[in-house]
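Peer 1: So that we are looking at the same thing, I have put the structure below in structure tokens.
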Amino acid sequence: MKKRKNFSAKTCFWCVGNEEYESYHNEEWGRYCFDDYKLFEKISLEVFQCGLSWITILKKRKHFRMAFDQFNFYKISEYNFLDVERLANNKEIIRHKGKILATINNASCAIELVKEFGSISNFIYCYKPTVNKKRPSKKEFLSLTKSRESIKLSNDFKRRGWKFIGPKNMYALMQSIGVVNDHLRGCIVGDIIED
């Protein structure tokens with residue numbers, strides 16, 4: 001227990017005390033991701049997270065993966081009204097019809113994006129800031145909701161027909177896949193990523 005306390009003192013405050021959150025923070029959050037299916041998953045989960053806490057989504061992630069064919073956007077793009085009903089009745093996920101329909105729509109948009117850019121990652125990482133900003137303090141972190149780049153990214157997604165995409169959930173996406181490193185100053189995971 002003492003070892004965990006010492007570690008927690010050198011990590012981001014928002015994950016401390018929840019094993020699932022700590023694992024996500026330590027192994028995934030802020031790290032580069034170039035796998036298009038995983039990126040589509042992350043975008044889709046950001047869609048479902050709108051208005052909810054991230055831990056709610058994280059706890060349901062395995063169920064989302066099963067319900068949405070491991071976020072294979074080629075398969076999801078072929079979903080029909082029966083699939084919409086199946087998903088809307090699945091108690092293990094967020095049963096918001098608008099978000100379900102947005103995910104199906106976004107799957108078709110993802111296919112077009114891959115045709116245009118070669119991959120989803122090629123598109124998203126174009127929005128990485130050219131100058132690395134200083135990692136935030138706790139106070140600064142609490143005010144981070146969007147950036148100039150996340151506004152441009154969300155506008156570009158929307159121009160291509162994506163739904164439920166905004167500057168705030170795109171900033172959260174950028175944080176989660178290392179487009180920006182928003183691990184707090186002094187967080188050992190942030191230090192590892194920076195090296």
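Residues in the structure tokens are named by chain (A, B, ... in the order shown) and by number from 1 within that chain; ligands are numbered from 1 in the order shown.
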From a DSSP pass on the backbone, collect the residues of segment 87-148 of chain A flagged as alpha helix (DSSP H) and hand them back as a PDB file with C-alpha atoms, in the first residue's frame.
Peer 2:
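Written output follows (result-v2.pdb):
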ATOM      1  CA  LEU A  87     -27.588  -1.420 -29.715  1.00  0.00           C
ATOM      2  CA  ALA A  88     -30.363   0.774 -28.331  1.00  0.00           C
ATOM      3  CA  LYS A  97     -29.843   6.530 -30.224  1.00  0.00           C
ATOM      4  CA  GLY A  98     -28.328   9.768 -31.493  1.00  0.00           C
ATOM      5  CA  LYS A  99     -24.844   8.668 -30.476  1.00  0.00           C
ATOM      6  CA  ILE A 100     -25.381   5.186 -31.931  1.00  0.00           C
ATOM      7  CA  LEU A 101     -26.482   6.689 -35.259  1.00  0.00           C
ATOM      8  CA  ALA A 102     -23.542   9.121 -35.134  1.00  0.00           C
ATOM      9  CA  THR A 103     -21.112   6.204 -34.686  1.00  0.00           C
ATOM     10  CA  ILE A 104     -22.575   4.391 -37.706  1.00  0.00           C
ATOM     11  CA  ASN A 105     -22.400   7.588 -39.739  1.00  0.00           C
ATOM     12  CA  ASN A 106     -18.829   8.216 -38.572  1.00  0.00           C
ATOM     13  CA  ALA A 107     -17.814   4.704 -39.640  1.00  0.00           C
ATOM     14  CA  SER A 108     -18.685   5.570 -43.252  1.00  0.00           C
ATOM     15  CA  CYS A 109     -16.816   8.861 -42.866  1.00  0.00           C
ATOM     16  CA  ALA A 110     -13.790   6.973 -41.497  1.00  0.00           C
ATOM     17  CA  ILE A 111     -13.640   4.858 -44.658  1.00  0.00           C
ATOM     18  CA  GLU A 112     -13.591   8.024 -46.773  1.00  0.00           C
ATOM     19  CA  LEU A 113     -10.921   9.534 -44.517  1.00  0.00           C
ATOM     20  CA  VAL A 114      -8.681   6.480 -45.009  1.00  0.00           C
ATOM     21  CA  LYS A 115      -9.144   6.773 -48.772  1.00  0.00           C
ATOM     22  CA  GLU A 116      -8.164  10.444 -48.652  1.00  0.00           C
ATOM     23  CA  PHE A 117      -5.277  10.378 -46.135  1.00  0.00           C
ATOM     24  CA  ILE A 120      -7.077   8.042 -39.685  1.00  0.00           C
ATOM     25  CA  SER A 121      -3.816   8.616 -37.816  1.00  0.00           C
ATOM     26  CA  ASN A 122      -2.305  10.515 -40.771  1.00  0.00           C
ATOM     27  CA  PHE A 123      -5.249  12.907 -40.556  1.00  0.00           C
ATOM     28  CA  ILE A 124      -5.366  13.396 -36.783  1.00  0.00           C
ATOM     29  CA  LYS A 138      -3.181  20.828 -11.508  1.00  0.00           C
ATOM     30  CA  LYS A 139      -4.846  24.264 -11.666  1.00  0.00           C
ATOM     31  CA  GLU A 140      -4.007  24.662 -15.363  1.00  0.00           C
ATOM     32  CA  PHE A 141      -5.193  21.117 -16.122  1.00  0.00           C
ATOM     33  CA  LEU A 142      -8.625  21.820 -14.650  1.00  0.00           C
ATOM     34  CA  ARG A 148      -6.875  26.150 -31.322  1.00  0.00           C
TER      35      ARG A 148
END
Peer 1: Determine, counting only C-alpha atoms, which protein, DNA and RNA residues have an atom within 9 Å of an atom of Gly190 of chain A; residues of the same chain fewer than 6 positions away are not included. Present the result as JSON, numbers by chain.
Peer 2: {"A": [11, 12, 30, 135, 181, 182, 183, 184]}
Peer 1: For Asp156 of chain A, work out the shell of residues within 12 Å, counting only C-alpha atoms and skipping chain neighbours fewer than 2 positions away, then give it as JSON, numbers by chain.
Peer 2: {"A": [109, 113, 123, 124, 126, 127, 149, 150, 151, 152, 153, 154, 158, 159, 160, 161, 162, 163, 165, 166, 167, 170]}
Peer 1: Write out as a ChimeraX atom specification each polymer residue whose atoms come within 9 Å of Ile177 of chain A, counting only C-alpha atoms; drop sequence neighbours fewer than 4 positions from it.
Peer 2: /A:28-34,39,42,172-173,181
Peer 1: Just the number, please: distance in Å from atom CA of Phe64 of chain A to atom CA of Glu20 of chain A, one decimal.
Peer 2: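 These two atoms are separated by 16.2 Å.
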Peer 1: List the spatial neighbours of Asn90 of chain A as an NGL selection string - criterion: any atom at most 9 Å away, only C-alpha atoms, same-chain residues fewer than 5 positions off excluded.
Peer 2: :A and (67 or 85 or 95)
Peer 1: Between A:Lys38, A:Met66, A:Tyr125, A:Ile55, single out the one closest to His25 of chain A, counting only C-alpha atoms.
Peer 2: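 So, comparing all the options, the nearest one is A:Ile55.
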Peer 1: By how many Å are atom CA of Val180 of chain A and atom CA of Ser143 of chain A apart?
Peer 2: 15.0 Å
Peer 1: Give me the residues near Cys50 of chain A as a list in words, where near means some atom within 10 Å (using only C-alpha atoms) and where sequence neighbours in that chain fewer than 4 positions away do not count.
Peer 2: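 Everything that qualifies: Leu45, Glu46, Trp54, Ile57, Lys99, Phe164, Ile165, Gly166, Lys168 and Asn169 of chain A.
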Peer 1: In Å, with one decimal, what is the gap from atom CA of Glu41 of chain A to atom CA of Ile188 of chain A?
Peer 2: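 Between atom CA of Glu41 of chain A and atom CA of Ile188 of chain A the gap is 26.5 Å.
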